[in-house]
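Q: My file is entry_30.cif. It has mmCIF, C-alpha atoms:
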```cif
data_protein
#
loop_
_atom_site.label_atom_id
_atom_site.label_comp_id
_atom_site.auth_asym_id
_atom_site.auth_seq_id
_atom_site.Cartn_x
_atom_site.Cartn_y
_atom_site.Cartn_z
CA MET A 1 -47.37 30.26 12.30
CA SER A 2 -49.56 32.55 10.52
CA VAL A 3 -51.02 35.72 11.86
CA SER A 4 -53.75 33.55 13.30
CA VAL A 5 -51.57 31.37 15.46
CA ARG A 6 -49.42 34.37 16.28
CA ALA A 7 -52.54 36.33 17.17
CA LEU A 8 -53.58 33.37 19.22
CA ALA A 9 -50.21 33.29 20.93
CA LEU A 10 -50.80 36.71 22.45
CA PHE A 11 -54.53 36.16 22.53
CA ILE A 12 -54.03 33.12 24.76
CA ALA A 13 -51.86 35.03 27.17
CA GLY A 14 -54.64 37.52 27.66
CA ALA A 15 -57.67 35.39 26.96
CA PHE A 16 -56.59 32.95 29.60
CA CYS A 17 -55.44 35.14 32.44
CA LEU A 18 -57.41 32.93 34.79
CA ALA A 19 -54.39 30.95 35.90
CA ALA A 20 -51.85 33.71 35.43
CA GLY A 21 -54.12 36.54 36.42
CA PRO A 22 -56.01 37.80 39.46
CA VAL A 23 -56.07 34.48 41.33
CA PRO A 24 -53.77 31.46 41.07
CA SER A 25 -55.59 28.36 39.85
CA GLN A 26 -55.36 24.81 41.09
CA PRO A 27 -54.26 21.95 38.80
CA THR A 28 -57.02 20.46 36.69
CA GLU A 29 -57.50 17.90 33.93
CA LEU A 30 -59.06 18.13 30.50
CA LYS A 31 -62.27 16.10 30.35
CA THR A 32 -63.79 14.24 27.42
CA GLU A 33 -67.02 16.24 27.59
CA THR A 34 -65.01 19.48 27.46
CA VAL A 35 -63.26 18.43 24.26
CA ALA A 36 -66.56 17.27 22.74
CA ALA A 37 -68.22 20.63 23.43
CA TYR A 38 -65.27 22.49 21.92
CA GLU A 39 -65.27 20.31 18.80
CA ARG A 40 -69.00 20.93 18.30
CA HIS A 41 -68.45 24.69 18.42
CA LEU A 42 -65.44 24.34 16.13
CA ARG A 43 -67.55 22.50 13.55
CA THR A 44 -70.01 25.39 13.52
CA ARG A 45 -67.24 27.92 13.05
CA GLU A 46 -65.64 25.82 10.29
CA ALA A 47 -68.91 25.76 8.37
CA GLU A 48 -69.43 29.50 8.80
CA THR A 49 -65.89 30.26 7.67
CA ALA A 50 -65.95 27.87 4.70
CA ALA A 51 -69.13 29.58 3.50
CA ARG A 52 -67.08 32.70 2.78
CA LEU A 53 -65.52 30.90 -0.17
CA ARG A 54 -68.88 30.86 -1.96
CA PRO A 55 -69.29 33.45 -4.73
CA GLU A 56 -72.42 34.94 -3.18
CA ARG A 57 -70.73 35.57 0.18
CA ASN A 58 -68.28 38.25 1.26
CA PHE A 59 -64.79 36.76 1.39
CA LEU A 60 -63.72 39.19 4.12
CA TRP A 61 -65.39 39.52 7.51
CA ILE A 62 -64.93 43.30 7.40
CA ASP A 63 -67.06 43.52 4.23
CA ASP A 64 -70.07 42.41 6.27
CA SER A 65 -70.08 45.88 7.85
CA PRO A 66 -69.30 49.09 5.91
CA GLU A 67 -68.40 50.81 9.18
CA ARG A 68 -65.99 48.00 10.15
CA LYS A 69 -64.36 48.13 6.69
CA LYS A 70 -63.98 51.90 6.95
CA ARG A 71 -62.29 51.69 10.34
CA VAL A 72 -59.83 49.05 9.14
CA ARG A 73 -59.05 50.96 5.93
CA LYS A 74 -58.19 54.04 7.99
CA GLY A 75 -55.59 52.04 9.92
CA GLU A 76 -57.52 50.95 13.00
CA VAL A 77 -56.97 47.48 14.42
CA VAL A 78 -60.49 46.10 14.73
CA VAL A 79 -61.13 43.20 17.13
CA GLU A 80 -64.59 41.93 18.04
CA PRO A 81 -66.12 38.80 19.59
CA SER A 82 -67.04 36.17 17.00
CA SER A 83 -69.61 34.59 19.30
CA GLY A 84 -71.56 36.44 21.98
CA ASP A 85 -69.20 38.38 24.21
CA GLY A 86 -66.18 36.32 23.15
CA GLN A 87 -66.53 33.72 25.90
CA ILE A 88 -68.54 30.50 25.73
CA SER A 89 -68.86 28.35 28.83
CA VAL A 90 -68.76 24.59 28.24
CA PRO A 91 -68.62 21.74 30.78
CA GLY A 92 -65.25 22.06 32.51
CA GLY A 93 -63.92 24.71 30.16
CA LEU A 94 -64.14 28.07 28.47
CA ILE A 95 -64.01 28.80 24.74
CA HIS A 96 -62.55 32.16 23.70
CA ASP A 97 -63.82 33.13 20.23
CA TRP A 98 -62.60 36.39 18.65
CA ALA A 99 -62.03 37.95 15.22
CA GLY A 100 -59.67 40.73 14.20
CA ALA A 101 -58.54 42.60 11.09
CA ILE A 102 -55.88 45.04 9.92
CA PHE A 103 -54.91 46.80 6.69
CA ILE A 104 -51.22 46.98 5.75
CA PRO A 105 -50.75 49.90 3.32
CA GLY A 106 -48.21 49.50 0.55
CA ALA A 107 -47.79 45.79 1.23
CA THR A 108 -48.27 42.78 -1.01
CA ILE A 109 -49.37 39.31 0.02
CA ASP A 110 -45.82 38.10 -0.65
CA MET A 111 -44.50 40.62 1.88
CA VAL A 112 -47.03 39.57 4.49
CA PHE A 113 -46.26 35.89 4.00
CA ALA A 114 -42.56 36.68 4.29
CA VAL A 115 -43.27 37.55 7.92
CA LEU A 116 -45.94 34.98 8.69
CA HIS A 117 -43.88 32.02 7.45
CA ASP A 118 -40.65 33.15 9.06
CA TYR A 119 -41.32 30.84 12.01
CA ASP A 120 -37.75 30.77 13.29
CA ASN A 121 -37.94 34.51 13.97
CA TYR A 122 -41.30 34.60 15.74
CA LYS A 123 -39.43 34.84 19.02
CA ALA A 124 -37.99 38.15 17.77
CA TYR A 125 -41.16 39.48 16.12
CA TYR A 126 -43.50 38.62 18.98
CA LYS A 127 -41.51 38.76 22.18
CA PRO A 128 -41.96 38.56 25.12
CA THR A 129 -44.93 36.17 24.76
CA VAL A 130 -43.19 33.91 22.24
CA VAL A 131 -39.94 32.85 23.93
CA ASP A 132 -38.92 30.17 21.42
CA SER A 133 -39.99 29.25 17.91
CA ARG A 134 -38.88 27.11 15.02
CA ARG A 135 -40.14 25.65 11.78
CA LEU A 136 -40.35 21.87 11.79
CA THR A 137 -41.38 20.89 8.26
CA ARG A 138 -42.78 22.25 5.03
CA ILE A 139 -44.62 20.43 2.27
CA GLY A 140 -45.77 22.91 -0.36
CA ASN A 141 -48.19 25.28 1.37
CA GLN A 142 -48.36 23.16 4.51
CA TYR A 143 -46.13 23.90 7.50
CA THR A 144 -45.52 22.47 10.93
CA PHE A 145 -43.83 24.56 13.59
CA ARG A 146 -43.24 24.78 17.34
CA LEU A 147 -43.83 27.68 19.72
CA ARG A 148 -43.13 28.15 23.40
CA LEU A 149 -45.33 30.77 25.06
CA LYS A 150 -44.72 32.39 28.42
CA LYS A 151 -46.91 34.66 30.54
CA LYS A 152 -45.83 36.00 33.90
CA ALA A 153 -48.26 37.30 36.51
CA ILE A 154 -49.08 35.87 39.93
CA VAL A 155 -47.90 32.55 38.51
CA THR A 156 -45.77 31.93 35.42
CA ALA A 157 -47.55 30.05 32.65
CA VAL A 158 -45.37 28.27 30.08
CA VAL A 159 -46.98 26.26 27.28
CA GLU A 160 -45.19 24.55 24.40
CA GLY A 161 -47.07 23.53 21.31
CA ASP A 162 -46.76 22.10 17.82
CA TYR A 163 -48.97 23.51 15.08
CA LEU A 164 -50.05 22.66 11.58
CA SER A 165 -50.94 25.36 9.06
CA ARG A 166 -52.13 25.23 5.45
CA TYR A 167 -52.75 27.94 2.85
CA SER A 168 -54.70 27.98 -0.40
CA SER A 169 -55.57 30.48 -3.09
CA ALA A 170 -59.15 31.77 -3.29
CA GLY A 171 -58.57 33.57 -6.58
CA PRO A 172 -56.42 36.50 -7.75
CA GLY A 173 -55.08 38.44 -4.77
CA ARG A 174 -56.87 36.25 -2.22
CA TRP A 175 -55.55 33.54 0.11
CA TYR A 176 -56.99 31.74 3.08
CA GLY A 177 -55.46 29.57 5.76
CA ARG A 178 -56.26 27.13 8.52
CA GLU A 179 -54.18 26.56 11.65
CA ARG A 180 -54.58 24.02 14.42
CA SER A 181 -52.59 22.90 17.43
CA THR A 182 -51.48 19.26 17.27
CA ARG A 183 -49.67 19.08 20.61
CA LEU A 184 -49.99 21.38 23.63
CA VAL A 185 -48.23 20.73 26.93
CA GLU A 186 -47.72 22.79 30.04
CA ILE A 187 -44.10 23.21 31.13
CA GLU A 188 -43.25 23.23 34.83
CA ASN A 189 -40.14 25.13 35.92
CA GLY A 190 -39.55 26.24 32.34
CA GLY A 191 -35.99 27.30 31.51
CA THR A 192 -34.48 25.64 34.58
CA PRO A 193 -32.66 22.31 35.08
CA GLU A 194 -35.88 21.03 36.69
CA GLU A 195 -37.97 21.75 33.58
CA THR A 196 -40.69 19.13 33.06
CA ALA A 197 -43.31 18.75 30.34
CA LEU A 198 -46.63 17.58 31.75
CA PRO A 199 -48.79 15.11 29.82
CA PRO A 200 -51.29 16.75 27.43
CA GLY A 201 -54.46 17.78 29.25
CA LYS A 202 -52.73 17.90 32.62
CA GLY A 203 -51.76 20.99 34.61
CA HIS A 204 -53.47 24.33 35.21
CA GLY A 205 -55.45 24.42 31.95
CA PHE A 206 -53.79 27.53 30.52
CA LEU A 207 -54.30 26.23 26.98
CA TRP A 208 -55.94 22.99 25.83
CA ARG A 209 -56.89 23.60 22.20
CA LEU A 210 -56.15 26.24 19.57
CA ASP A 211 -57.70 26.72 16.13
CA ALA A 212 -57.66 29.62 13.72
CA PHE A 213 -58.82 30.76 10.30
CA THR A 214 -57.06 33.46 8.28
CA ARG A 215 -57.88 35.43 5.16
CA PHE A 216 -55.70 37.75 3.07
CA GLN A 217 -56.78 40.08 0.28
CA GLU A 218 -54.55 42.39 -1.73
CA ALA A 219 -56.61 45.49 -2.59
CA ASP A 220 -56.77 49.28 -2.17
CA GLY A 221 -52.99 49.60 -2.36
CA GLY A 222 -52.23 47.14 0.43
CA VAL A 223 -53.26 43.90 2.10
CA TYR A 224 -56.22 43.20 4.37
CA VAL A 225 -55.45 40.54 6.99
CA GLU A 226 -58.13 38.82 9.05
CA VAL A 227 -57.92 36.21 11.77
CA GLU A 228 -60.65 34.29 13.57
CA ALA A 229 -59.28 32.53 16.64
CA LEU A 230 -60.64 29.91 19.01
CA VAL A 231 -58.98 28.86 22.24
CA LEU A 232 -60.06 26.28 24.80
CA SER A 233 -58.94 26.79 28.41
CA ARG A 234 -60.16 25.69 31.82
CA ASP A 235 -63.28 27.30 33.18
CA ILE A 236 -63.36 30.19 35.64
CA PRO A 237 -64.40 29.22 39.19
CA SER A 238 -67.88 30.57 39.90
CA TYR A 239 -66.79 32.36 43.05
CA VAL A 240 -64.49 34.69 41.07
CA ALA A 241 -66.25 34.66 37.67
CA TRP A 242 -67.98 38.03 38.24
CA PHE A 243 -64.57 39.63 38.76
CA VAL A 244 -62.34 37.67 36.39
CA GLN A 245 -64.50 37.39 33.25
CA PRO A 246 -64.48 41.12 32.39
CA ILE A 247 -60.70 41.14 32.81
CA VAL A 248 -60.34 38.11 30.55
CA ARG A 249 -62.44 39.77 27.85
CA ARG A 250 -60.47 43.02 28.06
CA LEU A 251 -57.11 41.26 27.90
CA SER A 252 -58.29 38.98 25.09
CA ARG A 253 -59.18 41.97 22.94
CA GLY A 254 -56.03 43.88 23.84
CA SER A 255 -53.75 40.92 23.19
CA MET A 256 -55.18 40.27 19.73
CA GLU A 257 -54.94 43.98 18.89
CA THR A 258 -51.29 43.98 19.92
CA SER A 259 -50.45 40.88 17.89
CA LEU A 260 -52.11 42.23 14.74
CA GLU A 261 -50.34 45.55 15.15
CA GLU A 262 -46.99 43.78 15.56
CA THR A 263 -47.66 41.74 12.43
CA ARG A 264 -48.34 44.91 10.47
CA ASN A 265 -45.17 46.55 11.79
CA ALA A 266 -43.08 43.50 10.90
CA ALA A 267 -44.50 43.40 7.36
CA LEU A 268 -43.81 47.10 6.85
CA LYS A 269 -40.28 46.60 8.13
CA LYS A 270 -39.77 43.81 5.59
CA GLU A 271 -41.05 46.18 2.89
CA ARG A 272 -38.57 48.89 3.85
CA LYS A 273 -35.77 46.33 3.66
CA GLY A 274 -36.91 45.32 0.19
CA ALA A 275 -38.00 41.79 1.01
CA THR A 276 -38.89 39.63 -1.97
CA ALA A 277 -41.51 36.95 -2.22
CA GLY A 278 -40.44 33.83 -0.42
CA SER A 279 -37.01 35.19 0.52
CA PRO A 280 -37.14 34.06 4.17
CA PHE A 281 -38.50 30.58 3.43
CA PRO A 282 -36.13 27.65 3.84
CA ILE A 283 -35.75 25.43 0.78
CA GLN A 284 -37.96 22.36 1.04
CA THR A 285 -35.69 19.56 2.20
CA GLN A 286 -35.86 15.81 1.72
CA ALA A 287 -36.75 15.55 5.41
CA ASP A 288 -39.78 17.74 4.70
CA LYS A 289 -40.80 15.56 1.78
CA ASP A 290 -40.42 12.43 3.86
CA PHE A 291 -42.80 13.78 6.52
CA ALA A 292 -45.54 11.67 4.95
CA PRO A 293 -48.25 11.86 7.66
CA TRP A 294 -48.88 15.52 6.84
CA ALA A 295 -48.75 15.15 3.06
CA PRO A 296 -52.04 16.37 1.52
CA LYS A 297 -53.84 13.82 -0.62
CA GLU A 298 -56.44 14.56 -3.26
CA GLY A 299 -59.93 14.66 -1.75
CA SER A 300 -58.74 14.23 1.84
CA LEU A 301 -58.04 17.56 3.55
CA THR A 302 -59.16 21.14 3.17
CA ALA A 303 -57.34 24.25 4.28
CA TYR A 304 -60.26 25.12 6.56
CA ASP A 305 -60.80 21.69 8.05
CA PHE A 306 -58.06 19.21 8.89
CA LEU A 307 -60.65 16.80 10.26
CA GLY A 308 -62.35 16.08 6.95
CA THR A 309 -65.83 17.56 7.41
CA SER A 310 -65.66 20.27 4.74
CA GLN A 311 -65.51 19.91 0.98
CA PRO A 312 -62.16 18.65 -0.39
CA LEU A 313 -59.74 21.28 -1.61
CA ALA A 314 -59.37 21.46 -5.38
CA ALA A 315 -56.08 20.14 -6.72
CA SER A 316 -55.47 23.41 -8.59
CA ASN A 317 -55.39 25.28 -5.28
CA ARG A 318 -53.72 22.59 -3.21
CA ASN A 319 -50.65 22.38 -5.38
CA ARG A 320 -49.92 26.09 -5.59
CA SER A 321 -46.89 27.23 -3.67
CA ILE A 322 -46.68 30.41 -1.64
#
```
For this file, write the structure as C-alpha cells.
A:
Amino acid sequence: MSVSVRALALFIAGAFCLAAGPVPSQPTELKTETVAAYERHLRTREAETAARLRPERNFLWIDDSPERKKRVRKGEVVVEPSSGDGQISVPGGLIHDWAGAIFIPGATIDMVFAVLHDYDNYKAYYKPTVVDSRRLTRIGNQYTFRLRLKKKAIVTAVVEGDYLSRYSSAGPGRWYGRERSTRLVEIENGGTPEETALPPGKGHGFLWRLDAFTRFQEADGGVYVEVEALVLSRDIPSYVAWFVQPIVRRLSRGSMETSLEETRNAALKKERKGATAGSPFPIQTQADKDFAPWAPKEGSLTAYDFLGTSQPLAASNRNRSI
C-alpha cells in the first residue's frame, strides 16, 4: 500500500458505515450502471490529478490555498471533500471522494517510503482496521499487495482485496503514485472454519471499488504527504439517508485523519530507529520478475492511470527505483 490505500483502508471503514453502522443493510449486487458512473467520475479525477504534473500548476493540493498550506505546515492533519460534500450519489451506489494532507517534520521521502512499502507490517501499523497484510510482487516501482479489512459495529464487515500501486518521480524531491484495487471480495464468517469469500460484487456492498492518488514533496525540513481517495460502496436507503449521511461524512473525515496521523507516527518512529532508504523492502525475486501481466511497457501505462487514458509515462521516470 501507500498512504493512499492505507488512508482508504480506514477511510472505507468510516466512509461506508452504512452496512456496519446505524442500521444493518440487506445483501445487494453491484450493477453495471453503478460501475459506469464510478468510472466516469474516476476519469474526471484522473484528468484533474494528472494536470498537477504540468509546470504551470501547483504540484501539491495544499499549495492551492495558503491557509491550507499553513495549517498543514503547523502540524495539522487537513482533510476535506474533493467533490461537493464528499459524497456523490450514483445509480445504485455512493462515491466517497476525499483529500487529505500531512507534514512529517525531519523526515525524508526515503523514510516515508520505508513505511508505505512495508506492506507485510501494515497489520501492525494500522490495526485494528487492517487485520492481515502482505506484499505479493514487486517490479521496480510497481507493487501488488493484499489487505484484509475488518470493521465491527452492528454487523461485522470483512473485505479482502488485492491492490496495484505505482510510483514515479516528478523531479527533485517530488514523487507521485497511483493505487487501484484489482480484486475486492466480502468475507462471510471471517476468521472461522466457516469462512467464505463471496463473488466480487456480491454481498452487502461495503466496498466495491477503490482508487487513490498520492503526492510526496520533500521541503521545509520534512515531507509533505497528500492523498486523494475514491471509494465506491452501495447507496444509502432513502428512508435513513437523512440520518446516516451526516454520520458517514463525519466518520469518513475522521478515519482519513486517523490514517494520515498513524502514517506520520510510523515514519517518525522509523526515523528514530535510524531507518535507511529501502531497508524494509524485500529484494526483487525471480517470481516478481516473472509476474509479466503487471510489467510496465513503454507507452502503455501511467502512474496516474492504469487504464490507459492519460499520457504515457516517460521511460526516464518509469525505470527509476524507489
Q: Taking all atoms listed in the file into account, name the residue in A:Asp235, A:Glu218, A:Glu195, A:Asp97 that is nearest to Ile109 (chain A).
A: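 Using all atoms listed in the file, Ile109 (chain A) sits closest to A:Glu218.
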Q: Which residues match the PyMOL selection byres ((chain A and resi 219) around 10) in the file above, as a PyMOL selection string?
A: chain A and resi 103+105-109+173-174+216-218+220-224
Q: With all atoms listed in the file as the counted atoms, please give the residues lying no more than 10 Å from Glu33 (chain A), apart from itself and same-chain residues fewer than 6 positions off, as an mmCIF file with C-alpha atoms, in the coordinates of the input.
A:
```
data_model
loop_
_atom_site.group_PDB
_atom_site.id
_atom_site.type_symbol
_atom_site.label_atom_id
_atom_site.label_comp_id
_atom_site.auth_asym_id
_atom_site.auth_seq_id
_atom_site.Cartn_x
_atom_site.Cartn_y
_atom_site.Cartn_z
ATOM 1 C CA GLU A 39 -65.270 20.310 18.800
ATOM 2 C CA VAL A 90 -68.760 24.590 28.240
ATOM 3 C CA PRO A 91 -68.620 21.740 30.780
ATOM 4 C CA GLY A 92 -65.250 22.060 32.510
ATOM 5 C CA GLY A 93 -63.920 24.710 30.160
#
```
Q: Counting all atoms listed in the file, which of A:Ala51, A:Leu147, A:Leu260, A:Val225 gets nearest to Asn121 (chain A)?
A: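 Nearest to Asn121 (chain A): A:Leu147.
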Q: In terms of the shortest atom-to-atom distance over only C-alpha atoms, which of A:Asn141, A:Ser65, A:Thr182, A:Ser169 is closest to Pro200 (chain A)?
A: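 Nearest to Pro200 (chain A): A:Thr182.
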Q: With the PyMOL selection byres ((chain A and resi 191) around 12) as the selection, what would be picked from this file? Answer as an MDAnalysis selection string, please.
A: chainID A and resid 131:132 148:150 156:160 187:190 192:197
Q: Which residue, A:Ala36, A:Ala101, A:Val115, A:Leu42, has the smallest gap to Leu268 (chain A) when you use all atoms listed in the file?
A: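 Ranked by minimum distance to Leu268 (chain A), first place goes to A:Val115.
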Q: Report as AutoDock Vina command-line options the centre and the edge lengths, in Å to one decimal, of the axis-aligned box holding every listed atom of region 188-202 of chain A, padded by 8 Å on each side.
A:
```
--center_x -43.6 --center_y 21.2 --center_z 32.1 --size_x 37.8 --size_y 28.2 --size_z 25.3
```
Q: Extract, using only C-alpha atoms, all DNA, RNA and protein residues at most 12 Å from Asp63 (chain A), discarding same-chain residues fewer than 2 positions from it, and format them as a ChimeraX atom specification.
A: /A:52,57-61,65-73,101,217,224,226
Q: Starting from the incomplete input, reconstruct N, CA and C atoms of region 43-73 of chain A and write that as a PDB file, in the frame of the given file.
A:
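Contents of out08.pdb, freshly written:
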```pdb
ATOM      1  N   ARG A  43     -66.882  22.907  14.783  1.00  0.00           N
ATOM      2  CA  ARG A  43     -67.550  22.500  13.550  1.00  0.00           C
ATOM      3  C   ARG A  43     -68.457  23.618  13.022  1.00  0.00           C
ATOM      4  N   THR A  44     -69.154  24.274  13.921  1.00  0.00           N
ATOM      5  CA  THR A  44     -70.010  25.390  13.520  1.00  0.00           C
ATOM      6  C   THR A  44     -69.187  26.508  12.908  1.00  0.00           C
ATOM      7  N   ARG A  45     -68.085  26.848  13.553  1.00  0.00           N
ATOM      8  CA  ARG A  45     -67.240  27.920  13.050  1.00  0.00           C
ATOM      9  C   ARG A  45     -66.599  27.543  11.714  1.00  0.00           C
ATOM     10  N   GLU A  46     -66.210  26.274  11.555  1.00  0.00           N
ATOM     11  CA  GLU A  46     -65.640  25.820  10.290  1.00  0.00           C
ATOM     12  C   GLU A  46     -66.643  26.000   9.150  1.00  0.00           C
ATOM     13  N   ALA A  47     -67.880  25.629   9.400  1.00  0.00           N
ATOM     14  CA  ALA A  47     -68.910  25.760   8.370  1.00  0.00           C
ATOM     15  C   ALA A  47     -69.150  27.215   8.010  1.00  0.00           C
ATOM     16  N   GLU A  48     -69.210  28.073   9.030  1.00  0.00           N
ATOM     17  CA  GLU A  48     -69.430  29.500   8.800  1.00  0.00           C
ATOM     18  C   GLU A  48     -68.272  30.111   8.007  1.00  0.00           C
ATOM     19  N   THR A  49     -67.067  29.708   8.340  1.00  0.00           N
ATOM     20  CA  THR A  49     -65.890  30.260   7.670  1.00  0.00           C
ATOM     21  C   THR A  49     -65.767  29.740   6.246  1.00  0.00           C
ATOM     22  N   ALA A  50     -66.019  28.455   6.039  1.00  0.00           N
ATOM     23  CA  ALA A  50     -65.950  27.870   4.700  1.00  0.00           C
ATOM     24  C   ALA A  50     -66.968  28.507   3.764  1.00  0.00           C
ATOM     25  N   ALA A  51     -68.083  28.960   4.322  1.00  0.00           N
ATOM     26  CA  ALA A  51     -69.130  29.580   3.500  1.00  0.00           C
ATOM     27  C   ALA A  51     -68.632  30.851   2.827  1.00  0.00           C
ATOM     28  N   ARG A  52     -67.611  31.471   3.362  1.00  0.00           N
ATOM     29  CA  ARG A  52     -67.080  32.700   2.780  1.00  0.00           C
ATOM     30  C   ARG A  52     -66.373  32.451   1.442  1.00  0.00           C
ATOM     31  N   LEU A  53     -66.133  31.215   1.117  1.00  0.00           N
ATOM     32  CA  LEU A  53     -65.520  30.900  -0.170  1.00  0.00           C
ATOM     33  C   LEU A  53     -66.551  30.829  -1.288  1.00  0.00           C
ATOM     34  N   ARG A  54     -67.836  30.889  -0.944  1.00  0.00           N
ATOM     35  CA  ARG A  54     -68.880  30.860  -1.960  1.00  0.00           C
ATOM     36  C   ARG A  54     -68.970  32.204  -2.674  1.00  0.00           C
ATOM     37  N   PRO A  55     -69.252  32.198  -3.962  1.00  0.00           N
ATOM     38  CA  PRO A  55     -69.290  33.450  -4.730  1.00  0.00           C
ATOM     39  C   PRO A  55     -70.283  34.472  -4.203  1.00  0.00           C
ATOM     40  N   GLU A  56     -71.393  34.007  -3.647  1.00  0.00           N
ATOM     41  CA  GLU A  56     -72.420  34.940  -3.180  1.00  0.00           C
ATOM     42  C   GLU A  56     -72.118  35.548  -1.817  1.00  0.00           C
ATOM     43  N   ARG A  57     -71.078  35.081  -1.150  1.00  0.00           N
ATOM     44  CA  ARG A  57     -70.730  35.570   0.180  1.00  0.00           C
ATOM     45  C   ARG A  57     -69.547  36.516   0.138  1.00  0.00           C
ATOM     46  N   ASN A  58     -69.462  37.419   1.115  1.00  0.00           N
ATOM     47  CA  ASN A  58     -68.280  38.250   1.260  1.00  0.00           C
ATOM     48  C   ASN A  58     -67.109  37.386   1.708  1.00  0.00           C
ATOM     49  N   PHE A  59     -65.984  37.516   1.005  1.00  0.00           N
ATOM     50  CA  PHE A  59     -64.790  36.760   1.390  1.00  0.00           C
ATOM     51  C   PHE A  59     -64.257  37.270   2.724  1.00  0.00           C
ATOM     52  N   LEU A  60     -64.250  38.589   2.895  1.00  0.00           N
ATOM     53  CA  LEU A  60     -63.720  39.190   4.120  1.00  0.00           C
ATOM     54  C   LEU A  60     -64.828  39.459   5.136  1.00  0.00           C
ATOM     55  N   TRP A  61     -64.505  39.220   6.375  1.00  0.00           N
ATOM     56  CA  TRP A  61     -65.390  39.520   7.510  1.00  0.00           C
ATOM     57  C   TRP A  61     -65.700  41.008   7.578  1.00  0.00           C
ATOM     58  N   ILE A  62     -64.714  41.854   7.282  1.00  0.00           N
ATOM     59  CA  ILE A  62     -64.930  43.300   7.400  1.00  0.00           C
ATOM     60  C   ILE A  62     -65.927  43.807   6.372  1.00  0.00           C
ATOM     61  N   ASP A  63     -66.105  43.087   5.252  1.00  0.00           N
ATOM     62  CA  ASP A  63     -67.060  43.520   4.230  1.00  0.00           C
ATOM     63  C   ASP A  63     -68.507  43.292   4.650  1.00  0.00           C
ATOM     64  N   ASP A  64     -68.711  42.586   5.759  1.00  0.00           N
ATOM     65  CA  ASP A  64     -70.070  42.410   6.270  1.00  0.00           C
ATOM     66  C   ASP A  64     -70.600  43.686   6.907  1.00  0.00           C
ATOM     67  N   SER A  65     -69.687  44.624   7.206  1.00  0.00           N
ATOM     68  CA  SER A  65     -70.080  45.880   7.850  1.00  0.00           C
ATOM     69  C   SER A  65     -69.309  47.038   7.224  1.00  0.00           C
ATOM     70  N   PRO A  66     -69.986  47.947   6.512  1.00  0.00           N
ATOM     71  CA  PRO A  66     -69.300  49.090   5.910  1.00  0.00           C
ATOM     72  C   PRO A  66     -68.518  49.904   6.947  1.00  0.00           C
ATOM     73  N   GLU A  67     -69.067  50.046   8.144  1.00  0.00           N
ATOM     74  CA  GLU A  67     -68.400  50.810   9.180  1.00  0.00           C
ATOM     75  C   GLU A  67     -67.108  50.096   9.625  1.00  0.00           C
ATOM     76  N   ARG A  68     -67.175  48.777   9.765  1.00  0.00           N
ATOM     77  CA  ARG A  68     -65.990  48.000  10.150  1.00  0.00           C
ATOM     78  C   ARG A  68     -64.905  48.132   9.078  1.00  0.00           C
ATOM     79  N   LYS A  69     -65.313  48.012   7.807  1.00  0.00           N
ATOM     80  CA  LYS A  69     -64.360  48.130   6.690  1.00  0.00           C
ATOM     81  C   LYS A  69     -63.712  49.520   6.682  1.00  0.00           C
ATOM     82  N   LYS A  70     -64.499  50.539   6.939  1.00  0.00           N
ATOM     83  CA  LYS A  70     -63.980  51.900   6.950  1.00  0.00           C
ATOM     84  C   LYS A  70     -62.950  52.089   8.049  1.00  0.00           C
ATOM     85  N   ARG A  71     -63.217  51.566   9.216  1.00  0.00           N
ATOM     86  CA  ARG A  71     -62.290  51.690  10.340  1.00  0.00           C
ATOM     87  C   ARG A  71     -60.960  50.994  10.043  1.00  0.00           C
ATOM     88  N   VAL A  72     -61.049  49.796   9.459  1.00  0.00           N
ATOM     89  CA  VAL A  72     -59.830  49.050   9.140  1.00  0.00           C
ATOM     90  C   VAL A  72     -59.039  49.774   8.052  1.00  0.00           C
ATOM     91  N   ARG A  73     -59.730  50.266   7.040  1.00  0.00           N
ATOM     92  CA  ARG A  73     -59.050  50.960   5.930  1.00  0.00           C
ATOM     93  C   ARG A  73     -58.315  52.192   6.420  1.00  0.00           C
TER      94      ARG A  73
END
```
